[in-house]
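First the structure, in the form of structure tokens, and then the observations on it.
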Amino acid sequence: MAQNKTFTGRDIGIDLGTANTLVYVRGRGIVLNEPSVVAVSTTDGSVLAVGSEAKETIGRTPSNIVAVRPLRDGVIADFEIAERMLRHFIKKVTGNRRLARPRVVVCVPSGITGVERRAVMEAASQAGARQVHLIEEPMAAAIGAGLPVSEPTGCMVVDVGGGTTEVAVVSLGGMVTARSVRMAGDAMDAAITAHVKKRYALAIGERTAEEIKVSIGSAVPVGAWSAPGGTPARLTERNVEVVSAARGGESLSFDKGDTPDQADTLGVLATGDRLGTGDDPERTQTLLPPDRCTIRGRDQVTGLPKVLELTADEVRHALAEPVDSIVAAVRATLDETPPELAGDIMDRGIVLTGGGALLRGLDVRLSRELDIPVLVADDPLDCVALGTGRCVEDFESLRTVLDARPRGLAGARI
């Protein structure tokens, strides 16, 4: 009962992402971070699981159960399922009290249409919100990354999410120019799947493609990268086996239940071996990426399971198209930026946020192409949610950034 009282009346911010949904509660911080997936029964339409439990069923469901991702390319693709998912998440953080109708701030891509904006607001209202306010994702990402968005200086943020890549130049509490590209993490997974299917006639699932991207994916052929913000290495699943170049071809696979400490005991992490950095904990560690990985899928010729080895170079070439699209979007946004703000961006650099910012070498690729410093935010995965939380905590002072359409050249879509 005490827990329900704690959340009753608290405003909440929701990062309604294509891949994951994060919920920020005023005064408590981020209290929920779960995949945007719903498992639905095809017989009666009932919801069987939401979030992490539902994601476990992707590609492994019987004929009477289907795993649905209600958001595609950053917008609602299935209104009814999205409303059920939001209702579940809001109920999970507010408790079961019937009078707990919070004020909600929801993140949306900068390039969505008016119809898509109304769909998000109606879904949140029917899920139990008493008031719904919208904030564009690049603005929330800039606030969450700690950029001085309210000052008369130019700040550029590139938020690479699951469905969309949001590029924006922010100044004086508004977006001067913005661009939304439906080419991000999901497109990278699809590119890997298509490459394996075309070249090797091997069918793999989207979860396997994601694990390949995380394990050996890169944007440039460089030898080592700094660990952004001390982000811990992510372990692969059984269907992706990492082969470390630093250990002369020794391969190890990890179960999902293995912890990072157990992986350290084995001596190899999913993203490669740690190079020696001495005993200084403040010194940035570097990661030597694995050379290749072994995957398992279904041979489309024989129909039988098959084991295949992919190299890091192959995966990088497979990711070339989505990475080129992201670079082109940043270049086009810079081309539309006023000269004074462009000078500020040259001095401050470009800030990368979102899960796609963790793709190895993406910051190096952007910096080489644009000749501008590129920095990865300290906590790229949570930047949008943290920015939304700032709007919830300081609602009156940041009221001007809510429900505002992009100005001028903003909202351009590729």
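Chain labels follow the order of the structure tokens: the first chain is A, the next B, and so on; residue numbering restarts at 1 in every chain, and ligands are counted from 1 in their shown order.
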
Residues flagged alpha helix (DSSP H) by DSSP in stretch 100-201 of chain A, as an NGL selection string: :A and (114-126 or 137-144 or 185-200)

Selection: 8 Å around stretch 104-110 of chain A, only C-alpha atoms, excl. self and same-chain fewer than 5 positions, as JSON, numbers by chain: {"A": [11, 12, 13, 14, 15, 16, 74, 75, 117, 124, 129, 130, 131, 132, 133, 134, 135, 136, 137, 138, 140, 164, 166, 178, 179, 180, 384, 388, 391, 392, 405, 406, 410, 411]}

Computed interatomic separation between atom CA of A:Ala67 and atom CA of A:Val93 (Å):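 We find that atom CA of A:Ala67 and atom CA of A:Val93 lie 23.0 Å from each other.
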
Given only C-alpha atoms as the counted atoms, nearest of A:Thr208, A:Thr57, A:Ser367, A:Thr311 to A:Gly297: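 Nearest candidate to A:Gly297 out of A:Thr208, A:Thr57, A:Ser367, A:Thr311: A:Thr208.
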
Strand (DSSP E) call set, DSSP backbone run, stretch 59-166 of chain A, as a list in words: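 Here is the list: Ile65, Val66, Ala67, Val68, Leu71, Arg72, Val75, Ile76, Arg103, Val104, Val105, Val106, Cys107, Val108, Gln131, Val132, His133, Leu134, Ile135, Glu136, Cys155, Met156, Val157, Val158, Asp159, Val160, Thr165 and Glu166 of chain A.
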
Nearest to A:Thr153, chosen from A:Ile326, A:Ala357, A:Val47, A:Val169, with only C-alpha atoms counted in the distances: A:Val169

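Taking only C-alpha atoms, the non-local environment of A:Tyr200 within 12 Å (same-chain residues fewer than 4 positions away omitted) comprises Ile192, Thr193, Ala194, His195, Val196, Ile204, Ile295, Arg296, Gly297, Arg298, Asp299, Gln300, Val301, Lys306, Val307, Leu308, Glu309, Leu310 and Glu314 of chain A.
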
Pairwise distance for atom CA of A:Ala312 and atom CA of A:Val364, rounded to one decimal in Å: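 Computing the Euclidean distance for atom CA of A:Ala312 and atom CA of A:Val364 yields 16.7 Å.
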
Neighbour list for A:Val38 as a list in words, cut-off 6 Å, only C-alpha atoms, skip fewer than 3 positions in-chain: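 The contact residues come out as Ala49, Val50, Ala54, Ala67 and Val68 of chain A.
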
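Our summary of the geometry notes that atom CA of A:Ser325 is positioned 7.9 Å from atom CA of A:Val181.
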